[in-house]
$ cat structure-v3.tsv   # TSV, C-alpha atoms and all ligand atoms
chain	number	residue	atom	x	y	z
A	4	MET	CA	25.27	-1.79	-11.18
A	5	LYS	CA	23.26	-4.16	-13.36
A	6	HIS	CA	20.83	-3.31	-16.18
A	7	LEU	CA	21.50	0.41	-16.54
A	8	VAL	CA	19.50	0.50	-19.75
A	9	ASN	CA	17.91	3.92	-19.32
A	10	MET	CA	20.97	6.15	-19.09
A	11	GLY	CA	20.20	9.65	-20.39
A	12	LYS	CA	16.42	9.27	-20.21
A	13	ILE	CA	14.60	10.99	-17.32
A	14	THR	CA	13.20	8.46	-14.91
A	15	ALA	CA	11.27	9.01	-11.68
A	16	ALA	CA	13.46	8.01	-8.74
A	17	ILE	CA	12.33	7.56	-5.17
A	18	THR	CA	14.65	9.92	-3.28
A	19	GLY	CA	13.05	9.65	0.16
A	20	VAL	CA	10.51	7.65	2.11
A	21	GLN	CA	8.71	8.12	5.40
A	22	GLY	CA	6.00	6.25	7.26
A	23	TYR	CA	3.63	7.07	10.05
A	24	VAL	CA	1.69	4.65	12.22
A	25	PRO	CA	-0.54	5.63	15.15
A	26	GLU	CA	0.66	4.81	18.65
A	27	HIS	CA	-2.26	2.64	19.76
A	28	ILE	CA	-1.59	-1.09	19.34
A	29	LEU	CA	-4.43	-3.61	18.97
A	30	THR	CA	-3.13	-7.12	19.61
A	31	ASN	CA	-4.63	-10.46	18.60
A	32	ASP	CA	-5.45	-11.09	22.25
A	33	ASP	CA	-7.29	-7.74	22.40
A	34	LEU	CA	-9.38	-8.84	19.40
A	35	ALA	CA	-10.10	-12.20	21.03
A	36	GLU	CA	-11.91	-10.26	23.75
A	37	ILE	CA	-14.16	-8.55	21.18
A	38	VAL	CA	-14.94	-11.35	18.68
A	39	ASP	CA	-14.73	-15.16	18.61
A	40	THR	CA	-11.12	-15.56	17.49
A	41	SER	CA	-7.69	-16.41	18.89
A	42	ASN	CA	-4.09	-15.33	18.58
A	43	GLU	CA	-3.31	-18.81	17.23
A	44	TRP	CA	-5.93	-18.59	14.42
A	45	ILE	CA	-4.94	-15.09	13.32
A	46	LEU	CA	-1.22	-15.75	13.41
A	47	SER	CA	-1.36	-19.08	11.57
A	48	ARG	CA	-3.87	-17.92	8.89
A	49	THR	CA	-2.46	-14.44	8.24
A	50	GLY	CA	0.91	-13.85	9.94
A	51	ILE	CA	-0.47	-10.83	11.83
A	52	GLU	CA	0.44	-10.29	15.51
A	53	GLU	CA	-0.81	-6.74	16.03
A	54	ARG	CA	-1.99	-3.68	14.16
A	55	ARG	CA	-2.11	0.09	14.81
A	56	ILE	CA	-5.35	1.99	15.35
A	57	MET	CA	-5.85	5.74	14.92
A	58	LYS	CA	-7.93	6.85	17.88
A	59	ASP	CA	-8.31	10.52	16.97
A	60	GLY	CA	-7.90	12.11	13.60
A	61	ALA	CA	-8.33	11.21	9.95
A	62	SER	CA	-6.32	9.70	7.12
A	63	SER	CA	-5.01	13.17	6.28
A	64	ASP	CA	-3.48	13.47	9.76
A	65	MET	CA	-1.44	10.31	9.29
A	66	ALA	CA	-0.46	11.35	5.78
A	67	ALA	CA	0.43	14.90	6.85
A	68	ALA	CA	2.61	13.54	9.68
A	69	ALA	CA	4.50	11.30	7.24
A	70	VAL	CA	4.88	14.11	4.68
A	71	SER	CA	6.07	16.67	7.27
A	72	GLN	CA	8.66	14.25	8.62
A	73	LEU	CA	9.87	13.42	5.12
A	74	LEU	CA	10.24	17.07	4.09
A	75	GLU	CA	12.03	17.87	7.33
A	76	LYS	CA	14.40	14.91	6.95
A	77	LYS	CA	15.17	15.93	3.35
A	78	GLY	CA	15.39	19.67	4.13
A	79	ILE	CA	12.75	20.47	1.49
A	80	ASP	CA	10.48	23.53	1.65
A	81	PRO	CA	6.79	22.48	1.37
A	82	LEU	CA	6.44	25.26	-1.24
A	83	ASP	CA	8.75	23.30	-3.58
A	84	ILE	CA	6.34	20.36	-3.95
A	85	ASP	CA	4.58	20.35	-7.34
A	86	LEU	CA	2.08	17.51	-7.04
A	87	VAL	CA	0.64	15.21	-4.35
A	88	ILE	CA	-1.07	11.95	-5.32
A	89	CYS	CA	-2.80	10.11	-2.52
A	90	GLY	CA	-3.86	6.47	-2.75
A	91	THR	CA	-6.64	5.80	-0.24
A	92	VAL	CA	-10.05	4.17	0.20
A	93	THR	CA	-10.59	5.98	3.49
A	94	PRO	CA	-10.49	9.62	2.39
A	95	ASP	CA	-11.35	12.23	5.02
A	96	TYR	CA	-14.49	13.03	2.99
A	97	PRO	CA	-16.07	11.84	-0.27
A	98	PHE	CA	-14.81	15.25	-1.40
A	99	PRO	CA	-12.68	17.35	-1.25
A	100	SER	CA	-9.76	15.02	-1.81
A	101	THR	CA	-7.46	13.94	1.00
A	102	SER	CA	-4.60	15.21	-1.15
A	103	ASN	CA	-6.08	18.73	-0.96
A	104	VAL	CA	-6.39	18.46	2.82
A	105	VAL	CA	-2.81	17.20	3.24
A	106	CYS	CA	-1.45	20.03	1.05
A	107	ASP	CA	-3.24	22.53	3.30
A	108	LYS	CA	-2.11	20.90	6.56
A	109	VAL	CA	1.54	20.78	5.47
A	110	GLY	CA	1.62	24.17	3.73
A	111	MET	CA	2.27	22.81	0.22
A	112	LYS	CA	0.66	25.87	-1.30
A	113	ASN	CA	2.14	25.45	-4.77
A	114	ALA	CA	1.03	21.85	-5.15
A	115	TRP	CA	-2.11	20.38	-6.63
A	116	GLY	CA	-3.19	16.80	-6.31
A	117	TYR	CA	-5.86	14.18	-6.23
A	118	ASP	CA	-6.80	10.85	-4.69
A	119	VAL	CA	-6.58	7.47	-6.36
A	120	ILE	CA	-9.08	4.78	-5.36
A	121	ALA	CA	-7.55	1.38	-6.02
A	122	ALA	CA	-7.83	-0.26	-2.59
A	123	CYS	CA	-4.73	-2.34	-1.81
A	124	SER	CA	-3.22	-1.41	-5.18
A	125	GLY	CA	-3.62	2.30	-4.35
A	126	PHE	CA	0.08	2.87	-3.87
A	127	ILE	CA	1.30	1.17	-7.05
A	128	TYR	CA	-1.42	2.85	-9.13
A	129	SER	CA	-0.41	6.21	-7.60
A	130	LEU	CA	3.32	5.60	-8.00
A	131	ALA	CA	2.97	4.68	-11.68
A	132	THR	CA	0.82	7.78	-12.22
A	133	GLY	CA	3.15	10.12	-10.32
A	134	ALA	CA	6.17	8.81	-12.24
A	135	GLN	CA	4.64	10.03	-15.52
A	136	PHE	CA	4.74	13.66	-14.39
A	137	ILE	CA	8.47	13.35	-13.67
A	138	GLU	CA	9.32	11.38	-16.83
A	139	THR	CA	7.71	13.98	-19.09
A	140	GLY	CA	9.84	16.68	-17.48
A	141	LYS	CA	6.72	18.51	-16.28
A	142	TYR	CA	7.53	18.37	-12.56
A	143	LYS	CA	10.59	18.07	-10.32
A	144	LYS	CA	9.06	17.04	-6.97
A	145	VAL	CA	6.07	14.73	-6.70
A	146	LEU	CA	4.84	13.13	-3.48
A	147	VAL	CA	3.09	9.77	-3.64
A	148	ILE	CA	1.15	8.82	-0.53
A	149	GLY	CA	-0.49	5.55	0.48
A	150	VAL	CA	-2.73	5.96	3.51
A	151	ASP	CA	-5.70	4.22	5.05
A	152	LYS	CA	-7.54	4.51	8.31
A	153	MET	CA	-9.13	1.09	7.87
A	154	SER	CA	-10.50	1.19	11.42
A	155	SER	CA	-13.02	3.79	10.16
A	156	ILE	CA	-14.68	1.28	7.79
A	157	ILE	CA	-14.11	-2.02	9.60
A	158	ASP	CA	-16.88	-3.83	11.44
A	159	TYR	CA	-15.48	-4.88	14.81
A	160	GLN	CA	-18.30	-7.43	15.07
A	161	ASP	CA	-17.07	-9.26	11.93
A	162	ARG	CA	-14.21	-11.58	12.84
A	163	THR	CA	-13.47	-12.37	9.20
A	164	THR	CA	-12.34	-8.79	8.48
A	165	CYS	CA	-11.54	-7.03	11.75
A	166	VAL	CA	-8.52	-9.21	12.48
A	167	ILE	CA	-6.83	-8.35	9.20
A	168	PHE	CA	-6.79	-4.59	8.85
A	169	GLY	CA	-4.91	-1.73	10.52
A	170	ASP	CA	-4.17	1.98	10.08
A	171	GLY	CA	-1.06	3.59	8.66
A	172	ALA	CA	0.50	5.90	6.09
A	173	GLY	CA	3.60	6.11	3.96
A	174	VAL	CA	4.94	8.59	1.45
A	175	VAL	CA	7.71	8.67	-1.13
A	176	LEU	CA	9.29	11.62	-2.89
A	177	LEU	CA	9.82	11.29	-6.65
A	178	GLU	CA	12.51	13.33	-8.40
A	179	PRO	CA	14.06	13.19	-11.88
A	180	ASN	CA	17.01	10.85	-12.38
A	181	GLU	CA	19.30	10.48	-15.40
A	182	GLU	CA	21.35	7.52	-14.19
A	183	GLY	CA	18.77	4.90	-15.11
A	184	LEU	CA	17.43	4.63	-11.55
A	185	GLY	CA	13.82	4.83	-10.36
A	186	VAL	CA	10.60	3.46	-11.86
A	187	LEU	CA	11.56	1.47	-14.96
A	188	ASP	CA	8.39	-0.42	-15.77
A	189	PHE	CA	4.92	-1.24	-14.50
A	190	ILE	CA	2.08	-3.60	-15.27
A	191	LEU	CA	-1.26	-2.55	-13.81
A	192	LYS	CA	-4.49	-4.47	-14.13
A	193	ALA	CA	-8.13	-4.29	-13.08
A	194	ASP	CA	-11.26	-6.42	-13.26
A	195	GLY	CA	-14.41	-4.72	-12.02
A	196	ALA	CA	-16.27	-8.03	-12.26
A	197	GLY	CA	-14.63	-8.85	-8.93
A	198	ARG	CA	-16.09	-5.82	-7.16
A	199	ASN	CA	-18.58	-7.66	-4.96
A	200	TYR	CA	-15.96	-9.90	-3.35
A	201	LEU	CA	-14.34	-6.99	-1.52
A	202	ILE	CA	-16.45	-3.88	-1.17
A	203	GLN	CA	-17.78	-1.15	1.08
A	204	PRO	CA	-21.37	-1.43	-0.20
A	205	ALA	CA	-22.97	1.77	1.13
A	206	GLY	CA	-22.07	5.43	1.37
A	207	GLY	CA	-21.58	6.05	-2.35
A	208	SER	CA	-24.11	6.85	-5.08
A	209	ALA	CA	-25.19	3.20	-5.47
A	210	ASN	CA	-26.42	3.06	-1.88
A	211	PRO	CA	-26.46	6.54	-0.35
A	212	PRO	CA	-26.52	6.57	3.45
A	213	THR	CA	-29.89	5.89	5.07
A	214	HIS	CA	-30.92	4.62	8.48
A	215	GLN	CA	-31.43	1.24	6.82
A	216	THR	CA	-27.92	1.07	5.32
A	217	ILE	CA	-26.49	1.92	8.72
A	218	GLU	CA	-28.68	-0.67	10.45
A	219	ASP	CA	-27.62	-3.28	7.89
A	220	ARG	CA	-23.96	-2.40	8.58
A	221	LEU	CA	-23.39	-1.74	4.88
A	222	HIS	CA	-20.87	1.06	5.51
A	223	TYR	CA	-18.35	-1.50	6.61
A	224	VAL	CA	-15.95	-3.55	4.48
A	225	LYS	CA	-17.44	-6.84	3.28
A	226	GLN	CA	-15.05	-9.50	2.06
A	227	GLU	CA	-15.46	-13.02	0.75
A	228	GLY	CA	-12.05	-13.98	2.08
A	229	LYS	CA	-11.65	-17.36	0.40
A	230	GLN	CA	-12.51	-16.00	-3.06
A	231	VAL	CA	-10.27	-12.96	-2.67
A	232	PHE	CA	-7.47	-15.20	-1.42
A	233	LYS	CA	-7.74	-17.38	-4.53
A	234	PHE	CA	-7.59	-14.43	-6.92
A	235	ALA	CA	-4.84	-12.72	-4.91
A	236	VAL	CA	-2.53	-15.73	-4.81
A	237	THR	CA	-2.83	-16.34	-8.55
A	238	ASN	CA	-2.74	-12.78	-9.82
A	239	MET	CA	-0.10	-11.26	-7.55
A	240	ALA	CA	2.26	-14.15	-8.30
A	241	GLU	CA	1.53	-14.06	-12.06
A	242	VAL	CA	1.96	-10.31	-12.51
A	243	SER	CA	5.21	-10.37	-10.53
A	244	ALA	CA	6.58	-13.14	-12.72
A	245	GLU	CA	5.29	-11.31	-15.82
A	246	ILE	CA	7.18	-8.09	-15.06
A	247	MET	CA	10.37	-10.10	-14.46
A	248	GLU	CA	10.02	-11.90	-17.80
A	249	LYS	CA	9.17	-8.70	-19.64
A	250	ASN	CA	12.38	-7.08	-18.33
A	251	ASN	CA	14.57	-10.19	-18.62
A	252	LEU	CA	15.11	-10.34	-14.88
A	253	SER	CA	16.10	-13.60	-13.23
A	254	SER	CA	15.54	-14.23	-9.54
A	255	ASP	CA	19.24	-13.44	-9.01
A	256	ASP	CA	18.73	-9.99	-10.55
A	257	VAL	CA	15.95	-9.11	-8.09
A	258	ASP	CA	17.23	-7.79	-4.76
A	259	TRP	CA	13.86	-7.19	-3.08
A	260	LEU	CA	10.23	-8.13	-3.43
A	261	VAL	CA	8.04	-5.45	-1.85
A	262	PRO	CA	4.69	-7.23	-1.58
A	263	HIS	CA	1.32	-5.97	-0.41
A	264	GLN	CA	0.89	-7.17	3.18
A	265	ALA	CA	-2.52	-8.88	3.14
A	266	ASN	CA	-1.63	-12.39	4.16
A	267	LEU	CA	1.72	-14.08	4.72
A	268	ARG	CA	0.54	-17.05	2.67
A	269	ILE	CA	-0.11	-14.79	-0.37
A	270	ILE	CA	3.34	-13.21	0.08
A	271	ASP	CA	5.00	-16.65	0.25
A	272	ALA	CA	3.21	-17.84	-2.90
A	273	THR	CA	4.36	-14.72	-4.78
A	274	ALA	CA	7.97	-15.09	-3.62
A	275	ASN	CA	7.95	-18.79	-4.60
A	276	ARG	CA	6.61	-18.05	-8.08
A	277	MET	CA	9.43	-15.49	-8.51
A	278	GLY	CA	12.03	-17.94	-7.18
A	279	LEU	CA	13.04	-15.59	-4.37
A	280	PRO	CA	14.35	-16.67	-0.97
A	281	LYS	CA	12.76	-15.25	2.22
A	282	GLU	CA	15.71	-12.92	2.81
A	283	LYS	CA	14.74	-10.90	-0.29
A	284	VAL	CA	11.13	-10.34	0.77
A	285	MET	CA	10.04	-7.30	2.78
A	286	ILE	CA	7.62	-8.33	5.52
A	287	ASN	CA	6.08	-6.20	8.26
A	288	ILE	CA	2.55	-7.64	8.29
A	289	GLN	CA	3.17	-8.99	11.81
A	290	LYS	CA	3.21	-5.49	13.31
A	291	TYR	CA	0.83	-3.45	11.14
A	292	GLY	CA	-1.59	-5.96	9.55
A	293	ASN	CA	-3.09	-4.89	6.23
A	294	THR	CA	-3.03	-1.09	5.99
A	295	THR	CA	-4.42	-1.25	2.41
A	296	ALA	CA	-2.72	1.59	0.43
A	297	GLY	CA	-0.20	2.04	3.26
A	298	THR	CA	1.51	-1.35	3.11
A	299	LEU	CA	4.10	-0.78	0.38
A	300	PRO	CA	5.50	2.61	1.49
A	301	LEU	CA	5.53	1.32	5.08
A	302	CYS	CA	7.67	-1.63	3.90
A	303	LEU	CA	10.06	0.71	2.07
A	304	TRP	CA	10.27	2.85	5.22
A	305	ASP	CA	11.00	-0.12	7.49
A	306	TYR	CA	13.65	-1.53	5.13
A	307	GLU	CA	15.13	1.80	3.96
A	308	SER	CA	18.40	1.32	5.87
A	309	GLN	CA	18.99	-2.04	4.12
A	310	LEU	CA	18.45	-0.68	0.61
A	311	LYS	CA	21.40	0.24	-1.57
A	312	LYS	CA	21.71	2.46	-4.60
A	313	GLY	CA	21.11	0.34	-7.71
A	314	ASP	CA	19.11	-2.38	-5.93
A	315	THR	CA	16.39	-3.95	-8.07
A	316	LEU	CA	12.95	-3.91	-6.45
A	317	ILE	CA	9.67	-5.45	-7.59
A	318	LEU	CA	6.62	-3.91	-5.91
A	319	SER	CA	3.52	-6.06	-6.15
A	320	ALA	CA	-0.06	-5.77	-4.93
A	321	PHE	CA	-3.58	-7.16	-5.23
A	322	GLY	CA	-6.78	-5.68	-3.86
A	323	GLY	CA	-10.42	-4.71	-4.09
A	324	GLY	CA	-11.78	-3.87	-7.51
A	325	PHE	CA	-10.20	-6.21	-8.36
A	326	THR	CA	-7.02	-4.23	-8.91
A	327	TRP	CA	-3.50	-5.57	-9.12
A	328	GLY	CA	-0.09	-5.04	-10.63
A	329	ALA	CA	3.65	-4.81	-10.24
A	330	ILE	CA	6.31	-2.12	-10.55
A	331	TYR	CA	9.96	-2.65	-11.45
A	332	LEU	CA	12.26	0.00	-10.04
A	333	LYS	CA	15.87	0.64	-9.12
A	334	TRP	CA	16.57	2.17	-5.73
A	335	ALA	CA	18.33	5.51	-6.10
A	336	TYR	CA	20.22	6.17	-2.87
A	337	ASN	CA	22.11	4.81	0.10
A	338	SER	CA	20.72	5.98	3.42
B	401	LIG	O1	-5.77	-6.86	0.89
B	401	LIG	C1	-6.74	-6.96	-0.09
B	401	LIG	C2	-7.05	-8.31	-0.50
B	401	LIG	N1	-7.42	-9.14	0.61
B	401	LIG	C3	-6.80	-10.29	0.78
B	401	LIG	O2	-5.86	-10.58	0.06
B	401	LIG	C4	-7.33	-11.23	1.83
B	401	LIG	C5	-7.46	-12.61	1.24
B	401	LIG	N2	-8.05	-13.57	2.13
B	401	LIG	C6	-7.43	-14.05	3.24
B	401	LIG	O3	-6.35	-13.60	3.56
B	401	LIG	C7	-8.05	-15.18	3.98
B	401	LIG	O4	-9.09	-15.72	3.21
B	401	LIG	C8	-8.60	-14.81	5.39
B	401	LIG	C9	-7.44	-14.50	6.31
B	401	LIG	C10	-9.53	-13.62	5.27
B	401	LIG	C11	-9.36	-16.00	5.96
B	401	LIG	O5	-8.51	-17.15	6.03
B	401	LIG	P1	-8.99	-18.53	5.41
B	401	LIG	O6	-7.92	-19.49	5.69
B	401	LIG	O7	-9.35	-18.30	3.97
B	401	LIG	O8	-10.24	-18.87	6.27
B	401	LIG	P2	-11.72	-19.19	5.77
B	401	LIG	O9	-12.42	-17.95	5.35
B	401	LIG	O10	-11.67	-20.33	4.83
B	401	LIG	O11	-12.37	-19.68	7.13
B	401	LIG	C12	-11.97	-20.92	7.76
B	401	LIG	C13	-12.70	-21.04	9.07
B	401	LIG	C14	-14.20	-20.78	8.96
B	401	LIG	O12	-14.85	-21.66	9.85
B	401	LIG	P3	-15.54	-22.99	9.32
B	401	LIG	O13	-16.57	-22.55	8.33
B	401	LIG	O14	-14.46	-23.80	8.71
B	401	LIG	O15	-16.12	-23.60	10.57
B	401	LIG	C15	-14.35	-19.37	9.44
B	401	LIG	O16	-15.61	-19.12	10.00
B	401	LIG	O17	-12.21	-20.06	9.99
B	401	LIG	C16	-13.29	-19.30	10.52
B	401	LIG	N3	-12.82	-17.95	10.77
B	401	LIG	C17	-12.25	-17.60	11.93
B	401	LIG	N4	-11.96	-18.30	13.05
B	401	LIG	C18	-11.34	-17.65	14.04
B	401	LIG	C19	-12.87	-16.88	9.96
B	401	LIG	N5	-12.31	-15.81	10.58
B	401	LIG	C20	-11.92	-16.24	11.79
B	401	LIG	C21	-11.28	-15.62	12.87
B	401	LIG	N6	-11.01	-16.36	13.97
B	401	LIG	N7	-10.91	-14.31	12.85
$ encode --input "structure-v3.tsv" --output "structure tokens" --more "lines below"
Ligand code: UT7
Amino acid sequence: MKHLVNMGKITAAITGVQGYVPEHILTNDDLAEIVDTSNEWILSRTGIEERRIMKDGASSDMAAAAVSQLLEKKGIDPLDIDLVICGTVTPDYPFPSTSNVVCDKVGMKNAWGYDVIAACSGFIYSLATGAQFIETGKYKKVLVIGVDKMSSIIDYQDRTTCVIFGDGAGVVLLEPNEEGLGVLDFILKADGAGRNYLIQPAGGSANPPTHQTIEDRLHYVKQEGKQVFKFAVTNMAEVSAEIMEKNNLSSDDVDWLVPHQANLRIIDATANRMGLPKEKVMINIQKYGNTTAGTLPLCLWDYESQLKKGDTLILSAFGGGFTWGAIYLKWAYNS
């Protein structure tokens, strides 16, 4: 194993991962019947072929399904979970938190938790935060969830956004590790000056719900795609290269890039900047689209069987806020 620099120190290792996606599939051809688009346009501009849509239920239902399956697979009693952090921009309610709801649905009666709003960076923000509680020795079992029911805030009359997003959830379990495995470094960034480029304008305290806000369709996601694309390409690539340089990692040292799944062209630009070949890049955008906070844990879930103990992973994301960042971690188990 390379770069075992943290021997003896407690690090937060991912010791399990589970995803959940709803059964209903919405294909590009289905969308072409609703708005003026085509399979060819969507596929060539984004890499997306289909996405999942949650017909009944809320974000907490997807998250609770993923958590229950993870605990069952690991043989862990829900009462043993200390903390649940949930990255989401589609909480069940403005309050209480989705984390609270998930704890109740799964019977995690000894856990507390909260939601993290960081749009597409929700999972990396939550993972970096959750890792602190393990590293300090405070907790032994922390769940980090990324979940979004994007279909609840997407305007299916707006072809510039409805083709991109989908629904899904993923969760990882964090436990203490003393072999130098787990989360080793992170760089997280934000720039609120970018807020108007990707925003759900109404429903919060700036524009509380009124008949007018509903009529003006302001409760749906609004995105200036071209602008967001420009910032995403530059910043996701830069921060990924920055975390490699900071940790003296060459492209040979990196086994996997786990990129936010917003657009295949953004993923390619990031991989190129890092000098990584396609084989080292996790991609599942073709089947789920952009599930916002769900993309990264869903990638880890899909690729879990290919990951080996000691593998070096760089997780990287960019999203609304703007928010972005990268996490350097070492995978802690063979499945
Ligand atoms: O995950 C959080 C962060 N979000 C992102 O990272 C998303 C970043 N942005 C993107 O991925 C891309 O900008 C999009 C996929 C949203 C759009 O792709 P684009 O290549 O930037 O297209 P564009 O906005 O420049 O639009 C090009 C053309 C326009 O037509 P005109 O003005 O050239 O005649 C659009 O009206 O494509 C048109 N268009 C569409 N055509 C068919 C826009 N959406 C569609 C569509 N189907 N769904």
$ closest_residue --input "structure-v3.tsv" --among "A:Arg198, A:Lys225, A:Lys192, A:Lys141" --to "A:Ile127" --atoms "all atoms listed in the file"
A:Lys192
$ closest_atom_pairs --input "structure-v3.tsv" --of "stretch 139-159 of chain A" --to "stretch 300-315 of chain A" --cutoff "10 Å" --atoms "all atoms listed in the file" --output "CSV"
residue,atom,partner,partner_atom,distance
A:Val147,CA,A:Pro300,CA,9.1
A:Ile148,CA,A:Pro300,CA,7.8
A:Gly149,CA,A:Pro300,CA,6.7
A:Val150,CA,A:Pro300,CA,9.1
$ axis_aligned_box --input "structure-v3.tsv" --around "ligand LIG 401 (chain B)" --padding-each-side "6 Å" --output "AutoDock Vina command-line options"
--center_x -11.2 --center_y -15.3 --center_z 6.8 --size_x 22.8 --size_y 28.9 --size_z 26.5
$ closest_residue --input "structure-v3.tsv" --among "A:Tyr331, A:Tyr142, A:Trp115, A:Tyr336" --to "A:Val261" --atoms "only C-alpha atoms"
A:Tyr331
$ atom_distance --input "structure-v3.tsv" --atom1 "atom CA of A:Thr273" --atom2 "atom CA of A:Met285"
12.0 Å
$ closest_atom_pairs --input "structure-v3.tsv" --of "chain A" --to "ligand LIG 401 (chain B)" --cutoff "6 Å" --atoms "only C-alpha atoms and all ligand atoms" --output "Markdown table"
| residue | atom | partner | partner_atom | distance |
| --- | --- | --- | --- | --- |
| A:Thr40 | CA | B:LIG401 | N6 | 3.6 |
| A:Ser41 | CA | B:LIG401 | N6 | 5.9 |
| A:Trp44 | CA | B:LIG401 | C18 | 5.5 |
| A:Arg48 | CA | B:LIG401 | O6 | 5.4 |
| A:Thr49 | CA | B:LIG401 | C9 | 5.3 |
| A:Cys123 | CA | B:LIG401 | C1 | 5.3 |
| A:Arg162 | CA | B:LIG401 | N7 | 4.3 |
| A:Thr163 | CA | B:LIG401 | N5 | 3.9 |
| A:Val166 | CA | B:LIG401 | N7 | 5.6 |
| A:Gly228 | CA | B:LIG401 | O4 | 3.6 |
| A:Lys229 | CA | B:LIG401 | O4 | 4.1 |
| A:Val231 | CA | B:LIG401 | C5 | 4.8 |
| A:Phe232 | CA | B:LIG401 | C5 | 3.7 |
| A:Ala235 | CA | B:LIG401 | O2 | 5.5 |
| A:Ala265 | CA | B:LIG401 | O1 | 4.4 |
| A:Asn266 | CA | B:LIG401 | O3 | 4.9 |
| A:Thr295 | CA | B:LIG401 | O1 | 6.0 |
| A:Phe321 | CA | B:LIG401 | C2 | 6.0 |
| A:Gly322 | CA | B:LIG401 | C1 | 4.0 |
| A:Gly323 | CA | B:LIG401 | C1 | 5.9 |
$ atom_distance --input "structure-v3.tsv" --atom1 "atom CA of A:Ala67" --atom2 "atom CA of A:Val105"
5.4 Å
$ residues_around --input "structure-v3.tsv" --residues "A:Tyr23" --least-positions-apart "6" --cutoff "8 Å" --atoms "only C-alpha atoms" --output "compact mmCIF listing (two decimals) with C-alpha atoms, keeping the file's coordinate frame"
# COMPACT_ATOMS: atom_id res chain seq x y z
CA MET A 65 -1.44 10.31 9.29
CA ALA A 66 -0.46 11.35 5.78
CA ALA A 68 2.61 13.54 9.68
CA ALA A 69 4.50 11.30 7.24
CA GLY A 171 -1.06 3.59 8.66
CA ALA A 172 0.50 5.90 6.09
CA GLY A 173 3.60 6.11 3.96
CA LEU A 301 5.53 1.32 5.08
$ atom_distance --input "structure-v3.tsv" --atom1 "atom CA of A:Asp219" --atom2 "atom CA of A:Ala205"
9.6 Å
$ residues_near_point --input "structure-v3.tsv" --point "(3.3, -10.0, -13.0)" --cutoff "12 Å" --atoms "all atoms listed in the file" --output "VMD selection string"
chain A and resid 188 to 192 235 to 250 252 260 262 273 to 274 276 to 277 317 to 321 327 to 331
$ closest_residue --input "structure-v3.tsv" --among "A:Asp256, A:Glu138, A:Asp161, A:Glu218" --to "A:Leu187" --atoms "only C-alpha atoms"
A:Glu138
$ closest_residue --input "structure-v3.tsv" --among "A:Thr326, A:Gln135, A:Ser254, A:Gln264" --to "A:Pro280" --atoms "all atoms listed in the file"
A:Ser254
$ closest_atom_pairs --input "structure-v3.tsv" --of "stretch 186-224 of chain A" --to "stretch 78-94 of chain A" --cutoff "12 Å" --atoms "all atoms listed in the file" --output "Markdown table"
| residue | atom | partner | partner_atom | distance |
| --- | --- | --- | --- | --- |
| A:Ile202 | CA | A:Val92 | CA | 10.4 |
| A:Gln203 | CA | A:Val92 | CA | 9.4 |
| A:Gly206 | CA | A:Thr93 | CA | 11.7 |
| A:Gly207 | CA | A:Val92 | CA | 12.0 |
| A:His222 | CA | A:Thr93 | CA | 11.6 |
| A:Tyr223 | CA | A:Thr93 | CA | 11.2 |
| A:Val224 | CA | A:Val92 | CA | 10.6 |
$ residues_near_point --input "structure-v3.tsv" --point "(-3.3, 3.8, 19.2)" --cutoff "6 Å" --atoms "all atoms listed in the file" --output "NGL selection string"
:A and (25-28 or 55-58)
$ closest_residue --input "structure-v3.tsv" --among "A:Lys233, A:Arg268, A:Lys283, A:Arg54" --to "A:Ser154" --atoms "only C-alpha atoms"
A:Arg54
$ closest_residue --input "structure-v3.tsv" --among "A:Ala134, A:Gly278, A:Gln230, A:Gly140" --to "A:Ile17" --atoms "all atoms listed in the file"
A:Ala134
$ residues_around --input "structure-v3.tsv" --residues "A:Asn42" --least-positions-apart "3" --cutoff "7 Å" --atoms "all atoms listed in the file" --output "ChimeraX atom specification"
/A:31-32,45-46
